[in-house]
file final_9.pdb (PDB, C-alpha atoms)
ATOM      1  CA  MET A   1      88.064  68.867  76.867  1.00  0.00           C
ATOM      2  CA  ASN A   2      87.677  66.001  74.444  1.00  0.00           C
ATOM      3  CA  ALA A   3      84.881  63.490  74.820  1.00  0.00           C
ATOM      4  CA  ASN A   4      85.218  59.776  74.280  1.00  0.00           C
ATOM      5  CA  PRO A   5      84.782  59.172  70.511  1.00  0.00           C
ATOM      6  CA  ILE A   6      82.408  56.245  71.021  1.00  0.00           C
ATOM      7  CA  LEU A   7      80.217  58.256  73.382  1.00  0.00           C
ATOM      8  CA  LEU A   8      80.215  61.135  70.916  1.00  0.00           C
ATOM      9  CA  GLN A   9      79.040  58.846  68.108  1.00  0.00           C
ATOM     10  CA  MET A  10      76.199  57.640  70.326  1.00  0.00           C
ATOM     11  CA  LYS A  11      75.282  61.252  71.146  1.00  0.00           C
ATOM     12  CA  TYR A  12      75.332  62.167  67.452  1.00  0.00           C
ATOM     13  CA  ALA A  13      72.902  59.327  66.712  1.00  0.00           C
ATOM     14  CA  ARG A  14      70.480  60.487  69.406  1.00  0.00           C
ATOM     15  CA  VAL A  15      70.684  64.141  68.345  1.00  0.00           C
ATOM     16  CA  ILE A  16      70.162  63.273  64.667  1.00  0.00           C
ATOM     17  CA  ALA A  17      67.148  61.097  65.486  1.00  0.00           C
ATOM     18  CA  ARG A  18      65.585  63.848  67.592  1.00  0.00           C
ATOM     19  CA  PHE A  19      66.356  66.499  64.962  1.00  0.00           C
ATOM     20  CA  ALA A  20      64.699  64.342  62.274  1.00  0.00           C
ATOM     21  CA  GLN A  21      61.665  63.896  64.493  1.00  0.00           C
ATOM     22  CA  ILE A  22      61.139  67.598  65.294  1.00  0.00           C
ATOM     23  CA  THR A  23      61.671  68.727  61.683  1.00  0.00           C
ATOM     24  CA  ASP A  24      59.875  65.859  59.925  1.00  0.00           C
ATOM     25  CA  LEU A  25      63.007  65.142  57.886  1.00  0.00           C
ATOM     26  CA  SER A  26      64.060  61.665  56.903  1.00  0.00           C
ATOM     27  CA  LEU A  27      66.945  60.253  58.899  1.00  0.00           C
ATOM     28  CA  ASP A  28      69.119  60.423  55.774  1.00  0.00           C
ATOM     29  CA  LYS A  29      68.438  64.137  55.268  1.00  0.00           C
ATOM     30  CA  ALA A  30      68.876  64.860  58.973  1.00  0.00           C
ATOM     31  CA  LEU A  31      72.174  62.959  58.977  1.00  0.00           C
ATOM     32  CA  ASP A  32      73.433  64.844  55.939  1.00  0.00           C
ATOM     33  CA  PHE A  33      72.477  68.206  57.402  1.00  0.00           C
ATOM     34  CA  PHE A  34      74.012  67.365  60.784  1.00  0.00           C
ATOM     35  CA  TYR A  35      77.426  66.474  59.387  1.00  0.00           C
ATOM     36  CA  HIS A  36      77.510  69.730  57.395  1.00  0.00           C
ATOM     37  CA  SER A  37      76.261  71.914  60.247  1.00  0.00           C
ATOM     38  CA  GLU A  38      77.968  74.458  62.440  1.00  0.00           C
ATOM     39  CA  VAL A  39      76.582  72.612  65.475  1.00  0.00           C
ATOM     40  CA  TYR A  40      78.487  69.480  64.466  1.00  0.00           C
ATOM     41  CA  GLN A  41      81.723  71.432  64.075  1.00  0.00           C
ATOM     42  CA  LEU A  42      81.332  73.000  67.509  1.00  0.00           C
ATOM     43  CA  VAL A  43      80.605  69.665  69.185  1.00  0.00           C
ATOM     44  CA  LYS A  44      83.388  67.897  67.317  1.00  0.00           C
ATOM     45  CA  ASP A  45      85.916  70.593  68.177  1.00  0.00           C
ATOM     46  CA  GLY A  46      84.859  70.667  71.830  1.00  0.00           C
ATOM     47  CA  VAL A  47      83.985  74.371  71.689  1.00  0.00           C
ATOM     48  CA  SER A  48      82.290  75.599  74.873  1.00  0.00           C
ATOM     49  CA  ASP A  49      81.782  71.985  75.952  1.00  0.00           C
ATOM     50  CA  MET A  50      78.937  71.669  73.445  1.00  0.00           C
ATOM     51  CA  HIS A  51      79.190  67.898  73.792  1.00  0.00           C
ATOM     52  CA  CYS A  52      77.946  68.342  77.375  1.00  0.00           C
ATOM     53  CA  MET A  53      74.692  69.975  76.249  1.00  0.00           C
ATOM     54  CA  SER A  54      71.539  67.880  76.253  1.00  0.00           C
ATOM     55  CA  ASP A  55      70.424  66.044  73.143  1.00  0.00           C
ATOM     56  CA  ALA A  56      67.239  68.153  73.103  1.00  0.00           C
ATOM     57  CA  TYR A  57      69.234  71.405  73.228  1.00  0.00           C
ATOM     58  CA  LEU A  58      71.506  70.336  70.367  1.00  0.00           C
ATOM     59  CA  ALA A  59      68.532  69.182  68.287  1.00  0.00           C
ATOM     60  CA  GLU A  60      66.877  72.578  68.800  1.00  0.00           C
ATOM     61  CA  GLU A  61      70.097  74.346  67.797  1.00  0.00           C
ATOM     62  CA  LEU A  62      70.170  72.224  64.639  1.00  0.00           C
ATOM     63  CA  LYS A  63      66.542  73.089  63.958  1.00  0.00           C
ATOM     64  CA  GLU A  64      67.335  76.811  64.221  1.00  0.00           C
ATOM     65  CA  GLU A  65      70.353  76.436  61.928  1.00  0.00           C
ATOM     66  CA  TYR A  66      68.242  74.432  59.466  1.00  0.00           C
ATOM     67  CA  SER A  67      65.540  77.118  59.472  1.00  0.00           C
ATOM     68  CA  GLU A  68      68.082  79.875  58.902  1.00  0.00           C
ATOM     69  CA  ASN A  69      69.643  77.989  55.990  1.00  0.00           C
ATOM     70  CA  ASN A  70      66.317  77.229  54.321  1.00  0.00           C
ATOM     71  CA  ASN A  71      64.503  80.513  54.890  1.00  0.00           C
ATOM     72  CA  GLY A  72      67.003  83.101  54.045  1.00  0.00           C
TER
END
call {"tool": "encode", "arguments": {"input": "final_9.pdb", "output": "C-alpha cells"}}
result
Amino acid sequence: MNANPILLQMKYARVIARFAQITDLSLDKALDFFYHSEVYQLVKDGVSDMHCMSDAYLAEELKEEYSENNNG
C-alpha cells in the first residue's frame, strides 16, 4: 500500500526531529542520515507497512541503525 506523498513528507519531518532529539544530532545530520538509511528505504517502498508505524518506533529504529553504523 502506498501512502499519500504529502502525509509521508510530514511523517518524515516528525521522525527526523525525534531522531535528532534522542541522538543529540543536529537536524542537518539527522536529515542526512535519514535519507541514506535502510529505514527510509523501507518506509518509502512501503515494505511491511512501515509508514504505519509510530514516529517513536521509526525514530528508535533509526537510532539502532545509526548506532550499528557508527560502532562497528
call {"tool": "residues_around", "arguments": {"input": "final_9.pdb", "residues": "Asn4 of chain A", "least_positions_apart": "5", "cutoff": "12 Å", "atoms": "all atoms listed in the file", "output": "ChimeraX atom specification"}}
result
/A:9-11,44,46,51-52
call {"tool": "residues_around", "arguments": {"input": "final_9.pdb", "residues": "Glu60 of chain A", "least_positions_apart": "4", "cutoff": "12 Å", "atoms": "all atoms listed in the file", "output": "compact mmCIF listing (two decimals) with C-alpha atoms, keeping the file's coordinate frame"}}
result
# COMPACT_ATOMS: atom_id res chain seq x y z
CA VAL A 15 70.68 64.14 68.34
CA ILE A 16 70.16 63.27 64.67
CA ALA A 17 67.15 61.10 65.49
CA ARG A 18 65.58 63.85 67.59
CA PHE A 19 66.36 66.50 64.96
CA ALA A 20 64.70 64.34 62.27
CA GLN A 21 61.66 63.90 64.49
CA ILE A 22 61.14 67.60 65.29
CA THR A 23 61.67 68.73 61.68
CA PHE A 34 74.01 67.36 60.78
CA VAL A 39 76.58 72.61 65.47
CA MET A 53 74.69 69.97 76.25
CA SER A 54 71.54 67.88 76.25
CA ASP A 55 70.42 66.04 73.14
CA ALA A 56 67.24 68.15 73.10
CA GLU A 64 67.33 76.81 64.22
CA GLU A 65 70.35 76.44 61.93
CA TYR A 66 68.24 74.43 59.47
CA SER A 67 65.54 77.12 59.47
call {"tool": "axis_aligned_box", "arguments": {"input": "final_9.pdb", "around": "segment 8-17 of chain A", "padding_each_side": "3 Å", "output": "JSON"}}
result
{"center_x": 73.7, "center_y": 60.9, "center_z": 67.9, "size_x": 19.1, "size_y": 12.5, "size_z": 12.5}
call {"tool": "atom_distance", "arguments": {"input": "final_9.pdb", "atom1": "atom CA of Asp45 of chain A", "atom2": "atom CA of Arg14 of chain A"}}
result
18.5 Å
call {"tool": "atom_distance", "arguments": {"input": "final_9.pdb", "atom1": "atom CA of Ala3 of chain A", "atom2": "atom CA of Val43 of chain A"}}
result
9.4 Å
call {"tool": "closest_residue", "arguments": {"input": "final_9.pdb", "among": "A:Ala13, A:Ser48, A:Asn71, A:Glu61", "to": "Leu31 of chain A", "atoms": "all atoms listed in the file"}}
result
A:Ala13
call {"tool": "closest_residue", "arguments": {"input": "final_9.pdb", "among": "A:Pro5, A:Ser37, A:Glu68, A:Lys63", "to": "Asp24 of chain A", "atoms": "all atoms listed in the file"}}
result
A:Lys63
call {"tool": "atom_distance", "arguments": {"input": "final_9.pdb", "atom1": "atom CA of Asn69 of chain A", "atom2": "atom CA of Tyr57 of chain A"}}
result
18.5 Å
call {"tool": "decode", "arguments": {"input": "final_9.pdb", "residues": "segment 34-51 of chain A", "atoms": "N, CA, C and O atoms", "output": "PDB file, in the first residue's frame"}}
result
ATOM      1  N   PHE A  34      18.961  10.093   7.810  1.00  0.00           N
ATOM      2  CA  PHE A  34      17.646   9.526   7.498  1.00  0.00           C
ATOM      3  C   PHE A  34      17.522   9.182   6.023  1.00  0.00           C
ATOM      4  O   PHE A  34      17.125   8.077   5.670  1.00  0.00           O
ATOM      5  N   TYR A  35      17.866  10.116   5.161  1.00  0.00           N
ATOM      6  CA  TYR A  35      17.683   9.893   3.722  1.00  0.00           C
ATOM      7  C   TYR A  35      18.680   8.901   3.128  1.00  0.00           C
ATOM      8  O   TYR A  35      18.536   8.504   1.978  1.00  0.00           O
ATOM      9  N   HIS A  36      19.659   8.474   3.916  1.00  0.00           N
ATOM     10  CA  HIS A  36      20.591   7.432   3.466  1.00  0.00           C
ATOM     11  C   HIS A  36      20.407   6.138   4.259  1.00  0.00           C
ATOM     12  O   HIS A  36      21.229   5.235   4.156  1.00  0.00           O
ATOM     13  N   SER A  37      19.330   6.061   5.024  1.00  0.00           N
ATOM     14  CA  SER A  37      19.127   4.909   5.906  1.00  0.00           C
ATOM     15  C   SER A  37      18.285   3.814   5.260  1.00  0.00           C
ATOM     16  O   SER A  37      17.533   4.044   4.313  1.00  0.00           O
ATOM     17  N   GLU A  38      18.423   2.636   5.832  1.00  0.00           N
ATOM     18  CA  GLU A  38      17.595   1.500   5.426  1.00  0.00           C
ATOM     19  C   GLU A  38      16.137   1.742   5.840  1.00  0.00           C
ATOM     20  O   GLU A  38      15.212   1.356   5.121  1.00  0.00           O
ATOM     21  N   VAL A  39      15.953   2.379   6.979  1.00  0.00           N
ATOM     22  CA  VAL A  39      14.590   2.684   7.452  1.00  0.00           C
ATOM     23  C   VAL A  39      13.854   3.531   6.413  1.00  0.00           C
ATOM     24  O   VAL A  39      12.702   3.249   6.079  1.00  0.00           O
ATOM     25  N   TYR A  40      14.521   4.543   5.897  1.00  0.00           N
ATOM     26  CA  TYR A  40      13.894   5.391   4.875  1.00  0.00           C
ATOM     27  C   TYR A  40      13.490   4.570   3.661  1.00  0.00           C
ATOM     28  O   TYR A  40      12.379   4.713   3.144  1.00  0.00           O
ATOM     29  N   GLN A  41      14.377   3.703   3.204  1.00  0.00           N
ATOM     30  CA  GLN A  41      14.071   2.887   2.024  1.00  0.00           C
ATOM     31  C   GLN A  41      12.855   1.998   2.268  1.00  0.00           C
ATOM     32  O   GLN A  41      12.004   1.851   1.392  1.00  0.00           O
ATOM     33  N   LEU A  42      12.779   1.413   3.454  1.00  0.00           N
ATOM     34  CA  LEU A  42      11.640   0.551   3.766  1.00  0.00           C
ATOM     35  C   LEU A  42      10.332   1.332   3.811  1.00  0.00           C
ATOM     36  O   LEU A  42       9.310   0.878   3.295  1.00  0.00           O
ATOM     37  N   VAL A  43      10.367   2.506   4.427  1.00  0.00           N
ATOM     38  CA  VAL A  43       9.158   3.335   4.503  1.00  0.00           C
ATOM     39  C   VAL A  43       8.765   3.801   3.106  1.00  0.00           C
ATOM     40  O   VAL A  43       7.604   3.695   2.702  1.00  0.00           O
ATOM     41  N   LYS A  44       9.735   4.288   2.368  1.00  0.00           N
ATOM     42  CA  LYS A  44       9.477   4.808   1.026  1.00  0.00           C
ATOM     43  C   LYS A  44       8.905   3.743   0.097  1.00  0.00           C
ATOM     44  O   LYS A  44       7.986   4.008  -0.680  1.00  0.00           O
ATOM     45  N   ASP A  45       9.426   2.532   0.222  1.00  0.00           N
ATOM     46  CA  ASP A  45       8.980   1.434  -0.638  1.00  0.00           C
ATOM     47  C   ASP A  45       7.714   0.752  -0.137  1.00  0.00           C
ATOM     48  O   ASP A  45       7.197  -0.147  -0.794  1.00  0.00           O
ATOM     49  N   GLY A  46       7.235   1.152   1.035  1.00  0.00           N
ATOM     50  CA  GLY A  46       6.005   0.584   1.574  1.00  0.00           C
ATOM     51  C   GLY A  46       6.161  -0.839   2.077  1.00  0.00           C
ATOM     52  O   GLY A  46       5.185  -1.568   2.191  1.00  0.00           O
ATOM     53  N   VAL A  47       7.389  -1.232   2.410  1.00  0.00           N
ATOM     54  CA  VAL A  47       7.662  -2.582   2.894  1.00  0.00           C
ATOM     55  C   VAL A  47       7.046  -2.772   4.283  1.00  0.00           C
ATOM     56  O   VAL A  47       7.256  -1.948   5.175  1.00  0.00           O
ATOM     57  N   SER A  48       6.299  -3.831   4.432  1.00  0.00           N
ATOM     58  CA  SER A  48       5.682  -4.205   5.716  1.00  0.00           C
ATOM     59  C   SER A  48       4.886  -3.056   6.342  1.00  0.00           C
ATOM     60  O   SER A  48       4.804  -2.959   7.563  1.00  0.00           O
ATOM     61  N   ASP A  49       4.347  -2.198   5.514  1.00  0.00           N
ATOM     62  CA  ASP A  49       3.581  -1.046   6.009  1.00  0.00           C
ATOM     63  C   ASP A  49       4.351  -0.246   7.059  1.00  0.00           C
ATOM     64  O   ASP A  49       3.791   0.197   8.062  1.00  0.00           O
ATOM     65  N   MET A  50       5.642  -0.074   6.833  1.00  0.00           N
ATOM     66  CA  MET A  50       6.476   0.680   7.775  1.00  0.00           C
ATOM     67  C   MET A  50       5.950   2.097   7.979  1.00  0.00           C
ATOM     68  O   MET A  50       6.101   2.658   9.056  1.00  0.00           O
ATOM     69  N   HIS A  51       5.302   2.647   6.957  1.00  0.00           N
ATOM     70  CA  HIS A  51       4.776   4.004   7.092  1.00  0.00           C
ATOM     71  C   HIS A  51       3.636   4.076   8.109  1.00  0.00           C
ATOM     72  O   HIS A  51       3.271   5.154   8.555  1.00  0.00           O
TER      73      HIS A  51
END
